[in-house]
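start.csv follows; it contains CSV, N, CA and C atoms.
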chain,number,residue,atom,x,y,z
W,1,MET,N,-13.1,10.6,11.1
W,1,MET,CA,-12.2,10.0,12.0
W,1,MET,C,-11.3,11.1,12.6
W,2,GLU,N,-11.3,11.1,13.9
W,2,GLU,CA,-10.4,12.1,14.6
W,2,GLU,C,-9.1,11.5,14.9
W,3,ARG,N,-8.1,12.1,14.4
W,3,ARG,CA,-6.7,11.5,14.6
W,3,ARG,C,-6.4,11.5,16.1
W,4,GLY,N,-6.9,12.4,16.9
W,4,GLY,CA,-6.6,12.4,18.3
W,4,GLY,C,-6.9,11.1,19.1
W,5,ASN,N,-7.8,10.3,18.5
W,5,ASN,CA,-8.2,9.1,19.2
W,5,ASN,C,-7.2,7.9,18.8
W,6,TYR,N,-6.3,8.2,18.0
W,6,TYR,CA,-5.4,7.1,17.6
W,6,TYR,C,-3.9,7.5,18.0
W,7,ASN,N,-3.2,6.4,18.4
W,7,ASN,CA,-1.8,6.7,18.9
W,7,ASN,C,-0.7,6.5,17.8
W,8,ALA,N,-1.1,6.0,16.7
W,8,ALA,CA,-0.1,5.9,15.6
W,8,ALA,C,-0.8,6.0,14.2
W,9,TYR,N,-0.2,6.7,13.3
W,9,TYR,CA,-0.7,6.9,12.0
W,9,TYR,C,0.4,6.6,11.0
W,10,VAL,N,0.3,5.6,10.1
W,10,VAL,CA,1.3,5.3,9.1
W,10,VAL,C,0.7,5.5,7.7
W,11,ASN,N,1.5,6.2,6.9
W,11,ASN,CA,1.0,6.4,5.5
W,11,ASN,C,2.1,5.7,4.6
W,12,ILE,N,1.6,4.7,3.8
W,12,ILE,CA,2.4,4.0,2.9
W,12,ILE,C,2.1,4.4,1.5
W,13,LYS,N,3.1,4.8,0.7
W,13,LYS,CA,2.9,5.2,-0.7
W,13,LYS,C,3.6,4.2,-1.5
W,14,ILE,N,2.8,3.7,-2.5
W,14,ILE,CA,3.3,2.7,-3.5
W,14,ILE,C,2.8,3.1,-4.9
W,15,THR,N,3.6,2.6,-5.9
W,15,THR,CA,3.2,2.9,-7.2
W,15,THR,C,1.9,2.1,-7.5
W,16,ASN,N,1.1,2.7,-8.3
W,16,ASN,CA,-0.2,2.1,-8.7
W,16,ASN,C,0.0,1.1,-9.8
W,17,GLU,N,0.4,-0.1,-9.4
W,17,GLU,CA,0.8,-1.2,-10.3
W,17,GLU,C,0.1,-2.5,-10.0
W,18,ASN,N,-1.3,-2.4,-9.8
W,18,ASN,CA,-2.1,-3.5,-9.6
W,18,ASN,C,-1.7,-4.4,-8.4
W,19,VAL,N,-1.5,-3.7,-7.3
W,19,VAL,CA,-1.3,-4.4,-6.0
W,19,VAL,C,-2.6,-5.0,-5.6
W,20,SER,N,-2.6,-6.3,-5.3
W,20,SER,CA,-3.8,-7.0,-4.9
W,20,SER,C,-4.3,-6.6,-3.5
W,21,PRO,N,-5.6,-6.7,-3.3
W,21,PRO,CA,-6.2,-6.4,-2.0
W,21,PRO,C,-5.5,-7.3,-0.9
W,22,GLU,N,-5.1,-8.5,-1.3
W,22,GLU,CA,-4.4,-9.3,-0.3
W,22,GLU,C,-3.1,-8.8,0.1
W,23,LYS,N,-2.3,-8.3,-0.9
W,23,LYS,CA,-1.0,-7.7,-0.6
W,23,LYS,C,-1.2,-6.4,0.2
W,24,LYS,N,-2.2,-5.6,-0.1
W,24,LYS,CA,-2.4,-4.4,0.7
W,24,LYS,C,-2.8,-4.8,2.2
W,25,ALA,N,-3.5,-5.8,2.4
W,25,ALA,CA,-3.9,-6.3,3.7
W,25,ALA,C,-2.6,-6.7,4.4
W,26,GLU,N,-1.7,-7.4,3.7
W,26,GLU,CA,-0.4,-7.8,4.3
W,26,GLU,C,0.4,-6.5,4.8
W,27,LEU,N,0.4,-5.5,3.9
W,27,LEU,CA,1.1,-4.3,4.3
W,27,LEU,C,0.5,-3.7,5.5
W,28,ILE,N,-0.8,-3.6,5.6
W,28,ILE,CA,-1.5,-3.0,6.8
W,28,ILE,C,-1.2,-3.8,8.0
W,29,LYS,N,-1.3,-5.1,7.9
W,29,LYS,CA,-1.0,-6.0,9.1
W,29,LYS,C,0.5,-5.9,9.5
W,30,GLY,N,1.4,-5.9,8.5
W,30,GLY,CA,2.8,-5.8,8.8
W,30,GLY,C,3.2,-4.5,9.4
W,31,ALA,N,2.7,-3.4,8.9
W,31,ALA,CA,3.0,-2.0,9.4
W,31,ALA,C,2.5,-1.9,10.9
W,32,THR,N,1.3,-2.4,11.1
W,32,THR,CA,0.7,-2.4,12.4
W,32,THR,C,1.5,-3.2,13.4
W,33,GLN,N,1.9,-4.4,13.0
W,33,GLN,CA,2.7,-5.2,13.9
W,33,GLN,C,4.1,-4.6,14.2
W,34,LEU,N,4.7,-3.9,13.2
W,34,LEU,CA,6.0,-3.2,13.4
W,34,LEU,C,5.9,-2.2,14.5
W,35,LEU,N,4.8,-1.4,14.5
W,35,LEU,CA,4.6,-0.4,15.5
W,35,LEU,C,4.3,-1.0,16.9
W,36,VAL,N,3.7,-2.1,16.9
W,36,VAL,CA,3.4,-2.9,18.1
W,36,VAL,C,4.8,-3.4,18.7
W,37,ASP,N,5.6,-4.0,17.8
W,37,ASP,CA,6.8,-4.6,18.2
W,37,ASP,C,7.9,-3.6,18.6
W,38,VAL,N,8.0,-2.5,17.9
W,38,VAL,CA,9.1,-1.5,18.1
W,38,VAL,C,8.7,-0.4,19.0
W,39,LEU,N,7.5,0.1,18.9
W,39,LEU,CA,7.1,1.2,19.8
W,39,LEU,C,6.1,0.9,20.8
W,40,ASP,N,5.7,-0.4,20.9
W,40,ASP,CA,4.7,-0.9,21.9
W,40,ASP,C,3.4,-0.1,21.7
W,41,LYS,N,3.0,0.1,20.5
W,41,LYS,CA,1.7,0.8,20.2
W,41,LYS,C,0.6,-0.2,20.3
W,42,ASN,N,-0.6,0.3,20.5
W,42,ASN,CA,-1.8,-0.5,20.6
W,42,ASN,C,-2.3,-0.7,19.2
W,43,PRO,N,-2.4,-1.9,18.7
W,43,PRO,CA,-2.9,-2.2,17.3
W,43,PRO,C,-4.3,-1.7,17.1
W,44,ASN,N,-5.1,-1.6,18.2
W,44,ASN,CA,-6.5,-1.2,18.0
W,44,ASN,C,-6.6,0.3,17.8
W,45,THR,N,-5.5,1.1,18.0
W,45,THR,CA,-5.6,2.5,17.8
W,45,THR,C,-4.5,2.9,16.8
W,46,THR,N,-4.0,2.0,16.0
W,46,THR,CA,-3.0,2.3,15.0
W,46,THR,C,-3.7,2.3,13.6
W,47,VAL,N,-3.5,3.4,12.9
W,47,VAL,CA,-4.1,3.6,11.6
W,47,VAL,C,-3.1,3.5,10.5
W,48,VAL,N,-3.4,2.7,9.4
W,48,VAL,CA,-2.5,2.6,8.3
W,48,VAL,C,-3.2,2.9,7.1
W,49,VAL,N,-2.7,3.9,6.3
W,49,VAL,CA,-3.3,4.3,5.0
W,49,VAL,C,-2.3,4.0,3.9
W,50,ILE,N,-2.9,3.4,2.8
W,50,ILE,CA,-2.0,3.1,1.6
W,50,ILE,C,-2.5,4.1,0.5
W,51,ASP,N,-1.5,4.9,0.0
W,51,ASP,CA,-1.8,5.7,-1.1
W,51,ASP,C,-1.1,5.1,-2.4
W,52,GLU,N,-1.9,5.0,-3.4
W,52,GLU,CA,-1.3,4.5,-4.7
W,52,GLU,C,-1.0,5.7,-5.6
W,53,VAL,N,0.2,5.8,-6.1
W,53,VAL,CA,0.6,6.9,-6.9
W,53,VAL,C,0.8,6.5,-8.3
W,54,ASP,N,0.3,7.2,-9.3
W,54,ASP,CA,0.5,6.9,-10.7
W,54,ASP,C,2.0,6.8,-11.0
W,55,THR,N,2.4,5.9,-11.8
W,55,THR,CA,3.8,5.8,-12.2
W,55,THR,C,4.3,7.0,-12.9
W,56,ASP,N,3.4,7.8,-13.5
W,56,ASP,CA,3.8,9.1,-14.2
W,56,ASP,C,4.2,10.1,-13.1
W,57,ASN,N,3.7,9.9,-11.9
W,57,ASN,CA,3.8,10.9,-10.8
W,57,ASN,C,4.9,10.5,-9.8
W,58,TRP,N,5.7,9.5,-10.1
W,58,TRP,CA,6.7,9.0,-9.2
W,58,TRP,C,8.0,8.9,-10.0
W,59,GLY,N,9.1,9.5,-9.5
W,59,GLY,CA,10.3,9.5,-10.3
W,59,GLY,C,11.5,9.1,-9.5
W,60,VAL,N,12.5,8.5,-10.2
W,60,VAL,CA,13.7,8.1,-9.5
W,60,VAL,C,14.8,8.5,-10.6
W,61,ALA,N,15.9,9.0,-10.1
W,61,ALA,CA,17.1,9.3,-10.9
W,61,ALA,C,16.7,10.1,-12.2
W,62,GLY,N,15.8,11.1,-12.0
W,62,GLY,CA,15.4,12.0,-13.1
W,62,GLY,C,14.4,11.4,-14.1
W,63,GLU,N,13.9,10.2,-13.8
W,63,GLU,CA,12.9,9.7,-14.8
W,63,GLU,C,11.7,9.2,-14.0
W,64,SER,N,10.6,9.2,-14.7
W,64,SER,CA,9.4,8.7,-14.1
W,64,SER,C,9.4,7.2,-14.1
W,65,ILE,N,8.7,6.6,-13.2
W,65,ILE,CA,8.7,5.1,-13.1
W,65,ILE,C,8.1,4.5,-14.3
W,66,THR,N,7.2,5.2,-15.0
W,66,THR,CA,6.7,4.7,-16.3
W,66,THR,C,7.8,4.5,-17.3
W,67,VAL,N,8.6,5.5,-17.4
W,67,VAL,CA,9.8,5.5,-18.3
W,67,VAL,C,10.7,4.4,-17.9
W,68,ARG,N,11.0,4.3,-16.6
W,68,ARG,CA,12.0,3.3,-16.1
W,68,ARG,C,11.4,1.9,-16.4
W,69,ARG,N,10.1,1.7,-16.2
W,69,ARG,CA,9.5,0.3,-16.4
W,69,ARG,C,9.7,0.0,-17.9
W,70,LYS,N,9.4,0.9,-18.8
W,70,LYS,CA,9.5,0.7,-20.2
W,70,LYS,C,10.9,0.3,-20.6
W,71,SER,N,11.9,0.8,-19.9
W,71,SER,CA,13.3,0.5,-20.3
W,71,SER,C,13.9,-0.7,-19.5
W,72,GLY,N,13.0,-1.3,-18.7
W,72,GLY,CA,13.4,-2.5,-18.0
W,72,GLY,C,14.0,-2.3,-16.7
W,73,GLN,N,13.9,-1.1,-16.1
W,73,GLN,CA,14.5,-0.8,-14.8
W,73,GLN,C,13.5,-1.0,-13.7
If you took the structure in this file and wrote it as structure tokens, what would it be?
Amino acid sequence: MERGNYNAYVNIKITNENVSPEKKAELIKGATQLLVDVLDKNPNTTVVVIDEVDTDNWGVAGESITVRRKSGQ
């Protein structure tokens, strides 16, 4: 895939916590529509990529998400 052929590229990062394919499809559709609505981008040339990050590799307030989930946060 050559990026030059596309007019928008969105990268969504979420924690890897069993997000269903249906929810990912909603994210892709919603992000695409947002670019259409706000920036008048062509949906046929808008790329959306979802990266899932292990909760051990994502941190907030000095703690990994794994630790925060275990403590109920």
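Note that DSSP on the backbone gives strand (DSSP E or B) to these residues of chain W: Ala8, Tyr9, Val10, Asn11, Ile12, Lys13, Ile14, Thr15, Thr46, Val47, Val48, Val49, Ile50, Asp51, Glu52, Val53, Gly59, Val60, Glu63 and Ser64 of chain W.
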Those selected residues, please, written with N, CA and C atoms and delivered as a CSV table (one decimal), keeping the file's coordinate frame.
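What follows is the written file selection_37.csv:
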chain,number,residue,atom,x,y,z
W,8,ALA,N,-1.1,6.0,16.7
W,8,ALA,CA,-0.1,5.9,15.6
W,8,ALA,C,-0.8,6.0,14.2
W,9,TYR,N,-0.2,6.7,13.3
W,9,TYR,CA,-0.7,6.9,12.0
W,9,TYR,C,0.4,6.6,11.0
W,10,VAL,N,0.3,5.6,10.1
W,10,VAL,CA,1.3,5.3,9.1
W,10,VAL,C,0.7,5.5,7.7
W,11,ASN,N,1.5,6.2,6.9
W,11,ASN,CA,1.0,6.4,5.5
W,11,ASN,C,2.1,5.7,4.6
W,12,ILE,N,1.6,4.7,3.8
W,12,ILE,CA,2.4,4.0,2.9
W,12,ILE,C,2.1,4.4,1.5
W,13,LYS,N,3.1,4.8,0.7
W,13,LYS,CA,2.9,5.2,-0.7
W,13,LYS,C,3.6,4.2,-1.5
W,14,ILE,N,2.8,3.7,-2.5
W,14,ILE,CA,3.3,2.7,-3.5
W,14,ILE,C,2.8,3.1,-4.9
W,15,THR,N,3.6,2.6,-5.9
W,15,THR,CA,3.2,2.9,-7.2
W,15,THR,C,1.9,2.1,-7.5
W,46,THR,N,-4.0,2.0,16.0
W,46,THR,CA,-3.0,2.3,15.0
W,46,THR,C,-3.7,2.3,13.6
W,47,VAL,N,-3.5,3.4,12.9
W,47,VAL,CA,-4.1,3.6,11.6
W,47,VAL,C,-3.1,3.5,10.5
W,48,VAL,N,-3.4,2.7,9.4
W,48,VAL,CA,-2.5,2.6,8.3
W,48,VAL,C,-3.2,2.9,7.1
W,49,VAL,N,-2.7,3.9,6.3
W,49,VAL,CA,-3.3,4.3,5.0
W,49,VAL,C,-2.3,4.0,3.9
W,50,ILE,N,-2.9,3.4,2.8
W,50,ILE,CA,-2.0,3.1,1.6
W,50,ILE,C,-2.5,4.1,0.5
W,51,ASP,N,-1.5,4.9,0.0
W,51,ASP,CA,-1.8,5.7,-1.1
W,51,ASP,C,-1.1,5.1,-2.4
W,52,GLU,N,-1.9,5.0,-3.4
W,52,GLU,CA,-1.3,4.5,-4.7
W,52,GLU,C,-1.0,5.7,-5.6
W,53,VAL,N,0.2,5.8,-6.1
W,53,VAL,CA,0.6,6.9,-6.9
W,53,VAL,C,0.8,6.5,-8.3
W,59,GLY,N,9.1,9.5,-9.5
W,59,GLY,CA,10.3,9.5,-10.3
W,59,GLY,C,11.5,9.1,-9.5
W,60,VAL,N,12.5,8.5,-10.2
W,60,VAL,CA,13.7,8.1,-9.5
W,60,VAL,C,14.8,8.5,-10.6
W,63,GLU,N,13.9,10.2,-13.8
W,63,GLU,CA,12.9,9.7,-14.8
W,63,GLU,C,11.7,9.2,-14.0
W,64,SER,N,10.6,9.2,-14.7
W,64,SER,CA,9.4,8.7,-14.1
W,64,SER,C,9.4,7.2,-14.1
From the list W:Val48, W:Ala61, W:Val67, W:Ala8, which residue is nearest Ile28 in chain W when using all atoms listed in the file?
W:Val48
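With only C-alpha atoms as the basis for measurement, W:Thr15 is the residue among W:Thr15, W:Thr46, W:Ser20, W:Asn7 that approaches Gly59 in chain W most closely.
Among the candidate residues W:Lys41, W:Lys24, W:Asp51, W:Leu34, the one lying nearest to Asn11 in chain W is W:Asp51, with distances computed using only C-alpha atoms.
We find CA of Asp37 in chain W and CA of Pro21 in chain W to be spaced 24.1 Å apart.
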